[in-house]
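Participant: So I've got this file, protein03.cif, and it contains mmCIF, C-alpha atoms:
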```
data_entry
loop_
_atom_site.label_atom_id
_atom_site.label_comp_id
_atom_site.auth_asym_id
_atom_site.auth_seq_id
_atom_site.Cartn_x
_atom_site.Cartn_y
_atom_site.Cartn_z
CA MET Z 1 1.30 11.59 16.89
CA PRO Z 2 4.91 12.50 15.96
CA GLU Z 3 5.04 15.88 14.25
CA GLY Z 4 7.02 16.22 11.03
CA LYS Z 5 8.79 12.85 11.27
CA SER Z 6 9.72 11.86 7.73
CA ILE Z 7 8.49 8.38 6.87
CA LEU Z 8 8.99 8.20 3.10
CA GLU Z 9 10.70 10.58 0.70
CA LEU Z 10 11.11 10.18 -3.05
CA THR Z 11 13.31 12.79 -4.71
CA GLY Z 12 13.55 12.95 -8.49
CA VAL Z 13 12.82 9.24 -8.83
CA THR Z 14 12.80 7.75 -12.32
CA VAL Z 15 12.17 4.05 -12.94
CA GLU Z 16 12.31 2.92 -16.55
CA SER Z 17 9.78 0.52 -17.97
CA ASP Z 18 10.95 -3.10 -18.05
CA PRO Z 19 9.26 -6.51 -18.16
CA ALA Z 20 8.10 -6.05 -14.54
CA TYR Z 21 6.26 -2.78 -15.29
CA ASP Z 22 4.13 -1.61 -18.18
CA SER Z 23 4.66 2.06 -17.40
CA PRO Z 24 7.72 3.96 -16.12
CA VAL Z 25 7.71 6.83 -13.64
CA TRP Z 26 9.75 9.94 -14.34
CA ASN Z 27 11.19 12.49 -11.91
CA VAL Z 28 8.70 11.74 -9.11
CA SER Z 29 9.14 13.66 -5.85
CA LEU Z 30 6.94 13.14 -2.79
CA ARG Z 31 7.51 13.40 0.95
CA LEU Z 32 5.21 11.69 3.42
CA ALA Z 33 5.49 12.64 7.08
CA ALA Z 34 3.95 10.79 10.01
CA GLY Z 35 0.16 10.73 9.73
CA GLU Z 36 0.06 11.84 6.09
CA LEU Z 37 -1.72 10.11 3.22
CA ALA Z 38 -1.05 10.43 -0.50
CA LEU Z 39 -3.96 9.38 -2.70
CA VAL Z 40 -2.63 8.55 -6.16
CA ARG Z 41 -4.95 8.43 -9.15
CA LEU Z 42 -3.74 5.94 -11.75
CA GLU Z 43 -4.61 6.09 -15.40
CA ARG Z 44 -7.05 3.47 -16.60
CA GLY Z 45 -5.29 0.60 -18.29
CA VAL Z 46 -2.06 0.94 -16.31
CA VAL Z 47 -1.52 -2.50 -14.81
CA ARG Z 48 1.93 -2.43 -13.19
CA LEU Z 49 3.44 0.83 -11.96
CA PRO Z 50 6.82 0.80 -10.11
CA LEU Z 51 5.79 3.42 -7.54
CA ALA Z 52 5.21 1.08 -4.58
CA ASP Z 53 8.26 -1.03 -5.43
CA ALA Z 54 10.38 2.12 -5.45
CA ALA Z 55 8.96 3.20 -2.08
CA GLU Z 56 9.80 -0.20 -0.61
CA GLY Z 57 13.32 -0.27 -2.04
CA LEU Z 58 12.49 -3.09 -4.42
CA ALA Z 59 13.00 -1.34 -7.76
CA GLU Z 60 16.25 -2.80 -9.08
CA GLN Z 61 17.38 0.19 -11.13
CA TYR Z 62 16.30 3.78 -10.69
CA ASP Z 63 17.57 7.34 -10.71
CA GLY Z 64 16.97 9.71 -7.82
CA THR Z 65 16.76 8.98 -4.12
CA VAL Z 66 14.30 7.03 -1.99
CA THR Z 67 14.53 7.20 1.80
CA PHE Z 68 12.47 5.34 4.37
CA LEU Z 69 12.72 6.46 8.00
CA GLY Z 70 15.67 8.59 6.97
CA ARG Z 71 17.60 5.69 5.39
CA ASP Z 72 18.54 5.77 1.73
CA TRP Z 73 17.56 2.36 0.35
CA ARG Z 74 20.75 2.26 -1.74
CA SER Z 75 22.94 2.42 1.37
CA VAL Z 76 21.06 -0.19 3.39
CA PRO Z 77 22.66 -3.68 3.52
CA PRO Z 78 20.36 -6.49 2.31
CA ARG Z 79 19.75 -8.03 5.74
CA GLU Z 80 18.97 -4.68 7.32
CA GLY Z 81 16.79 -3.81 4.32
CA ALA Z 82 14.69 -6.91 4.92
CA ALA Z 83 14.22 -5.85 8.56
CA LEU Z 84 13.23 -2.33 7.49
CA ARG Z 85 10.65 -3.75 5.11
CA GLY Z 86 9.17 -5.49 8.14
CA LYS Z 87 7.97 -2.00 9.11
CA ILE Z 88 6.03 -1.64 5.84
CA GLY Z 89 2.56 -3.01 5.21
CA ARG Z 90 1.39 -3.51 1.64
CA VAL Z 91 -1.60 -4.64 -0.38
CA PHE Z 92 -0.03 -5.76 -3.63
CA ASP Z 93 -1.79 -4.86 -6.86
CA ALA Z 94 -3.88 -7.79 -8.04
CA VAL Z 95 -4.92 -6.19 -11.34
CA GLY Z 96 -3.69 -8.02 -14.41
CA VAL Z 97 -1.63 -10.64 -12.55
CA GLY Z 98 -4.11 -13.50 -12.29
CA ALA Z 99 -6.62 -14.46 -9.65
CA VAL Z 100 -4.10 -15.00 -6.87
CA GLY Z 101 -2.08 -11.87 -7.58
CA THR Z 102 1.39 -11.15 -6.23
CA GLY Z 103 2.82 -11.10 -2.75
CA TRP Z 104 1.67 -14.58 -1.71
CA VAL Z 105 3.99 -17.51 -0.99
CA SER Z 106 2.28 -20.32 -2.87
CA HIS Z 107 3.37 -23.20 -0.60
CA LEU Z 108 2.12 -21.52 2.60
CA ASP Z 109 -1.50 -21.22 3.72
CA VAL Z 110 -3.04 -17.75 3.66
CA ASP Z 111 -2.96 -17.41 7.45
CA GLU Z 112 0.74 -18.35 7.46
CA ASN Z 113 1.38 -15.77 4.74
CA VAL Z 114 -0.39 -13.06 6.69
CA MET Z 115 1.60 -13.62 9.89
CA LEU Z 116 4.94 -14.49 8.27
CA ALA Z 117 6.55 -11.03 8.48
CA GLN Z 118 5.54 -10.50 12.11
CA ARG Z 119 6.91 -13.89 13.11
CA HIS Z 120 10.13 -13.31 11.21
CA HIS Z 121 10.89 -9.67 12.02
CA THR Z 122 9.59 -9.32 15.58
CA ARG Z 123 9.83 -11.12 18.90
CA ARG Z 124 6.11 -10.91 19.55
CA PRO Z 125 4.55 -14.06 20.99
CA SER Z 126 2.68 -16.11 18.38
CA LYS Z 127 -0.54 -15.89 20.40
CA GLU Z 128 -0.36 -12.10 20.34
CA ILE Z 129 0.16 -12.02 16.57
CA GLU Z 130 -2.68 -14.48 16.03
CA ALA Z 131 -5.04 -12.48 18.25
CA GLU Z 132 -4.34 -9.25 16.38
CA ALA Z 133 -4.70 -10.97 13.01
CA ALA Z 134 -8.04 -12.49 14.06
CA LYS Z 135 -9.30 -9.09 15.21
CA LEU Z 136 -8.31 -7.47 11.91
CA ALA Z 137 -9.85 -10.36 9.97
CA ARG Z 138 -13.20 -9.79 11.65
CA MET Z 139 -12.93 -6.05 10.99
CA PHE Z 140 -12.39 -6.71 7.27
CA GLY Z 141 -15.34 -9.09 7.06
CA LEU Z 142 -13.70 -12.48 7.49
CA PRO Z 143 -14.80 -14.97 10.17
CA GLY Z 144 -11.12 -15.81 10.55
CA LEU Z 145 -8.03 -15.99 8.40
CA PRO Z 146 -8.34 -18.45 5.50
CA ARG Z 147 -6.26 -21.56 6.14
CA GLY Z 148 -6.01 -22.89 2.60
CA ARG Z 149 -3.39 -22.16 -0.02
CA PRO Z 150 -3.72 -18.80 -1.83
CA ALA Z 151 -4.61 -20.53 -5.13
CA GLN Z 152 -7.48 -22.34 -3.38
CA THR Z 153 -8.91 -19.25 -1.67
CA ARG Z 154 -11.79 -17.15 -2.97
CA VAL Z 155 -10.45 -13.97 -4.55
CA PRO Z 156 -12.54 -11.62 -2.33
CA ASP Z 157 -11.34 -13.45 0.79
CA LEU Z 158 -7.76 -13.23 -0.44
CA GLN Z 159 -8.09 -9.48 -0.94
CA ARG Z 160 -9.51 -9.06 2.57
CA ALA Z 161 -6.64 -11.14 3.96
CA ALA Z 162 -4.23 -8.88 2.08
CA CYS Z 163 -5.70 -5.92 3.96
CA VAL Z 164 -5.23 -7.77 7.26
CA ARG Z 165 -1.58 -8.38 6.41
CA ALA Z 166 -1.02 -4.74 5.42
CA PHE Z 167 -2.16 -3.39 8.81
CA LEU Z 168 -0.85 -6.17 11.05
CA GLY Z 169 1.86 -5.13 13.48
CA ALA Z 170 1.40 -1.35 13.34
CA PRO Z 171 3.60 -0.68 10.28
CA GLU Z 172 5.11 2.77 9.85
CA LEU Z 173 4.37 2.91 6.12
CA ILE Z 174 1.33 1.36 4.42
CA LEU Z 175 1.27 0.92 0.63
CA LEU Z 176 -2.20 0.21 -0.76
CA GLU Z 177 -2.27 -0.73 -4.44
CA ARG Z 178 -5.93 -0.74 -5.50
CA PRO Z 179 -6.90 -2.34 -2.16
CA ALA Z 180 -10.63 -2.37 -2.94
CA GLN Z 181 -10.18 -4.47 -6.08
CA GLY Z 182 -12.92 -7.10 -6.14
CA VAL Z 183 -14.37 -6.10 -2.75
CA TYR Z 184 -15.79 -2.63 -3.49
CA PRO Z 185 -17.83 -1.05 -1.94
CA GLU Z 186 -18.18 -3.20 1.20
CA ILE Z 187 -14.46 -3.01 2.03
CA MET Z 188 -14.41 0.79 2.15
CA PRO Z 189 -15.74 1.45 5.71
CA PRO Z 190 -13.32 -0.91 7.49
CA LEU Z 191 -10.48 0.10 5.18
CA ILE Z 192 -11.01 3.81 5.82
CA ASN Z 193 -11.26 3.16 9.56
CA ALA Z 194 -8.03 1.15 9.53
CA VAL Z 195 -6.26 3.90 7.58
CA ARG Z 196 -7.56 6.57 9.96
CA SER Z 197 -6.35 4.59 12.99
CA ALA Z 198 -2.93 3.99 11.42
CA ARG Z 199 -2.52 7.67 10.60
CA GLY Z 200 -3.55 8.56 14.13
CA ARG Z 201 -0.64 6.60 15.59
CA GLY Z 202 1.81 8.16 13.12
CA ALA Z 203 1.90 5.88 10.08
CA ALA Z 204 2.12 7.26 6.55
CA VAL Z 205 -0.06 5.86 3.78
CA MET Z 206 0.18 5.76 -0.02
CA TRP Z 207 -3.10 4.68 -1.63
CA LEU Z 208 -3.21 3.98 -5.37
CA THR Z 209 -6.52 3.80 -7.23
CA ASP Z 210 -7.94 4.09 -10.73
CA THR Z 211 -11.55 4.25 -9.54
CA PRO Z 212 -13.38 7.62 -9.56
CA ALA Z 213 -15.62 6.59 -6.65
CA VAL Z 214 -12.59 5.83 -4.47
CA TRP Z 215 -10.76 8.98 -5.58
CA SER Z 216 -13.74 11.13 -4.60
CA ASP Z 217 -14.58 9.32 -1.33
CA ARG Z 218 -14.56 12.06 1.31
CA GLY Z 219 -13.85 9.59 4.09
CA ILE Z 220 -10.27 9.04 2.92
CA ARG Z 221 -9.18 12.61 3.73
CA PRO Z 222 -5.82 12.64 1.94
CA THR Z 223 -3.03 15.05 2.71
CA TRP Z 224 -1.85 14.96 -0.90
CA ARG Z 225 -3.67 14.22 -4.13
CA CYS Z 226 -1.37 12.85 -6.81
CA VAL Z 227 -2.38 12.36 -10.43
CA MET Z 228 -0.43 10.11 -12.78
CA SER Z 229 -0.30 11.40 -16.35
CA GLY Z 230 1.82 9.11 -18.44
CA SER Z 231 5.03 8.63 -16.49
CA GLN Z 232 4.76 11.89 -14.55
CA MET Z 233 3.00 12.53 -11.25
CA LEU Z 234 1.41 15.83 -10.33
CA VAL Z 235 1.35 16.32 -6.54
CA MET Z 236 -0.99 18.82 -4.93
CA PRO Z 237 -2.13 19.48 -1.37
CA ALA Z 238 -5.61 17.98 -1.06
CA GLU Z 239 -7.30 21.31 -0.34
CA GLU Z 240 -5.85 22.81 -3.53
CA ALA Z 241 -6.69 19.78 -5.66
CA ALA Z 242 -10.32 19.93 -4.51
CA ALA Z 243 -10.62 23.33 -6.15
CA VAL Z 244 -9.32 22.07 -9.51
CA SER Z 245 -12.24 20.29 -11.12
CA PRO Z 246 -10.31 18.37 -13.83
CA LEU Z 247 -8.33 16.59 -11.11
CA VAL Z 248 -11.30 15.63 -8.99
CA PRO Z 249 -13.83 13.76 -11.15
CA SER Z 250 -17.36 13.37 -9.93
CA PRO Z 251 -18.24 9.88 -8.70
CA GLY Z 252 -18.99 7.58 -11.59
CA THR Z 253 -20.04 4.00 -11.75
CA PRO Z 254 -18.79 2.30 -8.59
CA GLY Z 255 -15.40 0.81 -9.28
CA GLU Z 256 -13.19 -1.74 -7.68
CA GLY Z 257 -9.78 -0.19 -7.11
#
```
What is this structure when it is put down as structure tokens?
Facilitator:
Amino acid sequence: MPEGKSILELTGVTVESDPAYDSPVWNVSLRLAAGELALVRLERGVVRLPLADAAEGLAEQYDGTVTFLGRDWRSVPPREGAALRGKIGRVFDAVGVGAVGTGWVSHLDVDENVMLAQRHHTRRPSKEIEAEAAKLARMFGLPGLPRGRPAQTRVPDLQRAACVRAFLGAPELILLERPAQGVYPEIMPPLINAVRSARGRGAAVMWLTDTPAVWSDRGIRPTWRCVMSGSQMLVMPAEEAAAVSPLVPSPGTPGEG
């Protein structure tokens, strides 16, 4: 695994609240190197946070600096930015945005959605992409990728397909916004295994959750524990955070985020 390679760095990032978000972030700084994982505890009731959008260069207006693979998103031309985002896997937050959630192209079937980025941003043969997607689908508990439209697909199957899409193609950065929503706890073993494998090959991961049982799951093994309090984020090395009891709640009623 590459040592010390910077994957994602946020420096003094502030994103104001607007219609797209119900909570701003203020002066957030976080660096993720290859193989590192930041586990972010969200406050209950926060539906849309701009953290993942900022990491992916999708926040329209912000202060501070966000770099991905050493490139400042502000200086990247649109076409090159789209190609860079092809190296990012993401489970979009489905909380508070309807059954289908965000991140799905409504006029494409789910399987087409899942493989769209790989077909567009790489020269991999279609058969190779399909084989990897089928393998990931089985790992996440699907007999195969759903072939219907997102609006016609069962919500748990859609969430599992979102996990397939996030890990397809060996992305260098994986953004997981409450990935266990609606499929907890059965999704946790394959999800943790997929995260562990991705970290082993040098990917960085940001995992957002508002569920105490996910936050305290020892299998995740985060590098950093980050706690959102209002618009501010406290970042602590995982071993230090474990010693601070107010930041590490005991497992409660199994959640879904």
Participant: Hey, which of Z:Leu30, Z:Ala204, Z:Leu8, Z:Val13 ends up closest to Pro237 in chain Z? Count all atoms listed in the file.
Facilitator: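 Between Z:Leu30, Z:Ala204, Z:Leu8, Z:Val13, the residue approaching Pro237 in chain Z most closely is Z:Leu30.
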Participant: Would you mind listing, for every residue of range 70-158 of chain Z within 10 Å of range 205-223 of chain Z, the two atoms forming the shortest contact and the distance between them in Å to one decimal, using all atoms listed in the file, sorted by chain and ascending residue number, as CSV?
Facilitator:
```
residue,atom,partner,partner_atom,distance
Z:Ile88,CA,Z:Val205,CA,9.9
Z:Gly89,CA,Z:Val205,CA,9.4
Z:Arg90,CA,Z:Met206,CA,9.5
Z:Val91,CA,Z:Trp207,CA,9.5
Z:Asp93,CA,Z:Leu208,CA,9.1
```
Participant: Do a neighbour search on Arg165 in chain Z at 12 Å with only C-alpha atoms, toss out local chain neighbours closer than 6 positions, and write the hits as a count of residues only.
Facilitator: 36
Participant: For the structure provided, state which residues fall under the PyMOL selection byres ((chain Z and resi 183) around 12), and present them as an NGL selection string.
Facilitator: :Z and (94 or 140-141 or 154-163 or 178-182 or 184-191 or 254-257)
Participant: For the residues selected in the previous step, produce a file with C-alpha atoms as an mmCIF file, in the frame of the given file.
Facilitator:
```cif
data_model
loop_
_atom_site.group_PDB
_atom_site.id
_atom_site.type_symbol
_atom_site.label_atom_id
_atom_site.label_comp_id
_atom_site.auth_asym_id
_atom_site.auth_seq_id
_atom_site.Cartn_x
_atom_site.Cartn_y
_atom_site.Cartn_z
ATOM 1 C CA ALA Z 94 -3.880 -7.790 -8.040
ATOM 2 C CA PHE Z 140 -12.390 -6.710 7.270
ATOM 3 C CA GLY Z 141 -15.340 -9.090 7.060
ATOM 4 C CA ARG Z 154 -11.790 -17.150 -2.970
ATOM 5 C CA VAL Z 155 -10.450 -13.970 -4.550
ATOM 6 C CA PRO Z 156 -12.540 -11.620 -2.330
ATOM 7 C CA ASP Z 157 -11.340 -13.450 0.790
ATOM 8 C CA LEU Z 158 -7.760 -13.230 -0.440
ATOM 9 C CA GLN Z 159 -8.090 -9.480 -0.940
ATOM 10 C CA ARG Z 160 -9.510 -9.060 2.570
ATOM 11 C CA ALA Z 161 -6.640 -11.140 3.960
ATOM 12 C CA ALA Z 162 -4.230 -8.880 2.080
ATOM 13 C CA CYS Z 163 -5.700 -5.920 3.960
ATOM 14 C CA ARG Z 178 -5.930 -0.740 -5.500
ATOM 15 C CA PRO Z 179 -6.900 -2.340 -2.160
ATOM 16 C CA ALA Z 180 -10.630 -2.370 -2.940
ATOM 17 C CA GLN Z 181 -10.180 -4.470 -6.080
ATOM 18 C CA GLY Z 182 -12.920 -7.100 -6.140
ATOM 19 C CA TYR Z 184 -15.790 -2.630 -3.490
ATOM 20 C CA PRO Z 185 -17.830 -1.050 -1.940
ATOM 21 C CA GLU Z 186 -18.180 -3.200 1.200
ATOM 22 C CA ILE Z 187 -14.460 -3.010 2.030
ATOM 23 C CA MET Z 188 -14.410 0.790 2.150
ATOM 24 C CA PRO Z 189 -15.740 1.450 5.710
ATOM 25 C CA PRO Z 190 -13.320 -0.910 7.490
ATOM 26 C CA LEU Z 191 -10.480 0.100 5.180
ATOM 27 C CA PRO Z 254 -18.790 2.300 -8.590
ATOM 28 C CA GLY Z 255 -15.400 0.810 -9.280
ATOM 29 C CA GLU Z 256 -13.190 -1.740 -7.680
ATOM 30 C CA GLY Z 257 -9.780 -0.190 -7.110
#
```
Participant: Mind telling me what the PyMOL selection byres ((chain Z and resi 7) around 10) catches here, as a ChimeraX atom specification?
Facilitator: /Z:4-6,8-9,31-36,67-71,172-173,202-205
Participant: For Val15 in chain Z, which of Z:Leu51, Z:Val105, Z:Ala166, Z:Leu234 is the closest residue, counting all atoms listed in the file?
Facilitator: Z:Leu51
Participant: Considering all atoms listed in the file, return as number ranges by chain whatever protein or nucleic-acid residues lie within 7 Å of Val25 in chain Z, sequence-local ones (same chain, fewer than 6 positions apart) excluded.
Facilitator: Z: 14-16, 231-232
Participant: Would you compute the box with edges along x, y and z of the file around range 29-33 of chain Z, including every atom the file lists for it and 5 Å extra on each side, and give its centre and edge lengths in Å to one decimal, as AutoDock Vina command-line options?
Facilitator:
```
--center_x 7.2 --center_y 12.7 --center_z 0.6 --size_x 13.9 --size_y 12.0 --size_z 22.9
```
Participant: In Å to one decimal, how far is CA of Arg85 in chain Z from CA of Arg138 in chain Z?
Facilitator: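 CA of Arg85 in chain Z lies 25.5 Å from CA of Arg138 in chain Z.
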Participant: When the PyMOL selection byres ((chain Z and resi 66) around 7) is applied to the structure above, which residues does it catch, written out as a ChimeraX atom specification?
Facilitator: /Z:9-11,55,64-65,67-68,72-73
Participant: Please determine, counting only C-alpha atoms, which residue among Z:Pro50, Z:Gly12, Z:Pro143, Z:Gly45 has the shortest atom-to-atom distance to Asn27 in chain Z.
Facilitator: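 Result for the nearest residue to Asn27 in chain Z: Z:Gly12.
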Participant: Taking all atoms listed in the file into account, which of Z:His121, Z:Glu240, Z:Val235, Z:Gly200 comes nearest Val28 in chain Z?
Facilitator: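 Looking only at the distances to Val28 in chain Z, the closest residue turns out to be Z:Val235.
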Participant: N, CA and C atoms for range 12-41 of chain Z, written as an mmCIF file, in the frame of the given file, could you do that?
Facilitator:
```cif
data_model
loop_
_atom_site.group_PDB
_atom_site.id
_atom_site.type_symbol
_atom_site.label_atom_id
_atom_site.label_comp_id
_atom_site.auth_asym_id
_atom_site.auth_seq_id
_atom_site.Cartn_x
_atom_site.Cartn_y
_atom_site.Cartn_z
ATOM 1 N N GLY Z 12 13.132 13.092 -7.102
ATOM 2 C CA GLY Z 12 13.550 12.950 -8.490
ATOM 3 C C GLY Z 12 13.665 11.510 -8.946
ATOM 4 N N VAL Z 13 12.722 10.674 -8.557
ATOM 5 C CA VAL Z 13 12.820 9.240 -8.830
ATOM 6 C C VAL Z 13 12.307 8.912 -10.240
ATOM 7 N N THR Z 14 13.148 8.243 -10.988
ATOM 8 C CA THR Z 14 12.800 7.750 -12.320
ATOM 9 C C THR Z 14 13.053 6.255 -12.371
ATOM 10 N N VAL Z 15 12.038 5.496 -12.740
ATOM 11 C CA VAL Z 15 12.170 4.050 -12.940
ATOM 12 C C VAL Z 15 11.726 3.754 -14.362
ATOM 13 N N GLU Z 16 12.634 3.215 -15.157
ATOM 14 C CA GLU Z 16 12.310 2.920 -16.550
ATOM 15 C C GLU Z 16 11.379 1.707 -16.640
ATOM 16 N N SER Z 17 10.640 1.669 -17.718
ATOM 17 C CA SER Z 17 9.780 0.520 -17.970
ATOM 18 C C SER Z 17 10.644 -0.696 -18.306
ATOM 19 N N ASP Z 18 10.268 -1.844 -17.749
ATOM 20 C CA ASP Z 18 10.950 -3.100 -18.050
ATOM 21 C C ASP Z 18 9.910 -4.199 -17.993
ATOM 22 N N PRO Z 19 10.292 -5.458 -18.150
ATOM 23 C CA PRO Z 19 9.260 -6.510 -18.160
ATOM 24 C C PRO Z 19 8.382 -6.535 -16.908
ATOM 25 N N ALA Z 20 8.885 -6.022 -15.774
ATOM 26 C CA ALA Z 20 8.100 -6.050 -14.540
ATOM 27 C C ALA Z 20 7.021 -4.964 -14.503
ATOM 28 N N TYR Z 21 7.181 -3.921 -15.320
ATOM 29 C CA TYR Z 21 6.260 -2.780 -15.290
ATOM 30 C C TYR Z 21 5.825 -2.441 -16.714
ATOM 31 N N ASP Z 22 4.579 -2.008 -16.847
ATOM 32 C CA ASP Z 22 4.130 -1.610 -18.180
ATOM 33 C C ASP Z 22 4.103 -0.094 -18.338
ATOM 34 N N SER Z 23 4.548 0.613 -17.303
ATOM 35 C CA SER Z 23 4.660 2.060 -17.400
ATOM 36 C C SER Z 23 5.789 2.526 -16.494
ATOM 37 N N PRO Z 24 6.661 3.428 -16.983
ATOM 38 C CA PRO Z 24 7.720 3.960 -16.120
ATOM 39 C C PRO Z 24 7.182 5.102 -15.264
ATOM 40 N N VAL Z 25 7.987 5.558 -14.324
ATOM 41 C CA VAL Z 25 7.710 6.830 -13.640
ATOM 42 C C VAL Z 25 8.929 7.718 -13.861
ATOM 43 N N TRP Z 26 8.690 9.014 -13.986
ATOM 44 C CA TRP Z 26 9.750 9.940 -14.340
ATOM 45 C C TRP Z 26 9.781 11.117 -13.378
ATOM 46 N N ASN Z 27 10.920 11.311 -12.737
ATOM 47 C CA ASN Z 27 11.190 12.490 -11.910
ATOM 48 C C ASN Z 27 10.102 12.714 -10.848
ATOM 49 N N VAL Z 28 9.750 11.657 -10.139
ATOM 50 C CA VAL Z 28 8.700 11.740 -9.110
ATOM 51 C C VAL Z 28 9.313 12.187 -7.787
ATOM 52 N N SER Z 29 8.719 13.190 -7.178
ATOM 53 C CA SER Z 29 9.140 13.660 -5.850
ATOM 54 C C SER Z 29 7.919 13.732 -4.944
ATOM 55 N N LEU Z 30 8.040 13.152 -3.766
ATOM 56 C CA LEU Z 30 6.940 13.140 -2.790
ATOM 57 C C LEU Z 30 7.527 12.874 -1.415
ATOM 58 N N ARG Z 31 7.091 13.641 -0.439
ATOM 59 C CA ARG Z 31 7.510 13.400 0.950
ATOM 60 C C ARG Z 31 6.261 13.131 1.785
ATOM 61 N N LEU Z 32 6.296 12.029 2.522
ATOM 62 C CA LEU Z 32 5.210 11.690 3.420
ATOM 63 C C LEU Z 32 5.730 11.709 4.853
ATOM 64 N N ALA Z 33 5.152 12.569 5.664
ATOM 65 C CA ALA Z 33 5.490 12.640 7.080
ATOM 66 C C ALA Z 33 4.527 11.756 7.868
ATOM 67 N N ALA Z 34 4.809 11.593 9.140
ATOM 68 C CA ALA Z 34 3.950 10.790 10.010
ATOM 69 C C ALA Z 34 2.514 11.303 9.951
ATOM 70 N N GLY Z 35 1.569 10.389 9.753
ATOM 71 C CA GLY Z 35 0.160 10.730 9.730
ATOM 72 C C GLY Z 35 -0.363 11.219 8.399
ATOM 73 N N GLU Z 36 0.507 11.326 7.387
ATOM 74 C CA GLU Z 36 0.060 11.840 6.090
ATOM 75 C C GLU Z 36 -0.358 10.716 5.154
ATOM 76 N N LEU Z 37 -1.231 11.072 4.208
ATOM 77 C CA LEU Z 37 -1.720 10.110 3.220
ATOM 78 C C LEU Z 37 -1.657 10.744 1.832
ATOM 79 N N ALA Z 38 -1.053 10.027 0.896
ATOM 80 C CA ALA Z 38 -1.050 10.430 -0.500
ATOM 81 C C ALA Z 38 -2.010 9.519 -1.258
ATOM 82 N N LEU Z 39 -3.016 10.120 -1.867
ATOM 83 C CA LEU Z 39 -3.960 9.380 -2.700
ATOM 84 C C LEU Z 39 -3.539 9.582 -4.150
ATOM 85 N N VAL Z 40 -3.196 8.487 -4.815
ATOM 86 C CA VAL Z 40 -2.630 8.550 -6.160
ATOM 87 C C VAL Z 40 -3.645 8.015 -7.159
ATOM 88 N N ARG Z 41 -4.013 8.862 -8.120
ATOM 89 C CA ARG Z 41 -4.950 8.430 -9.150
ATOM 90 C C ARG Z 41 -4.182 7.877 -10.338
#
```
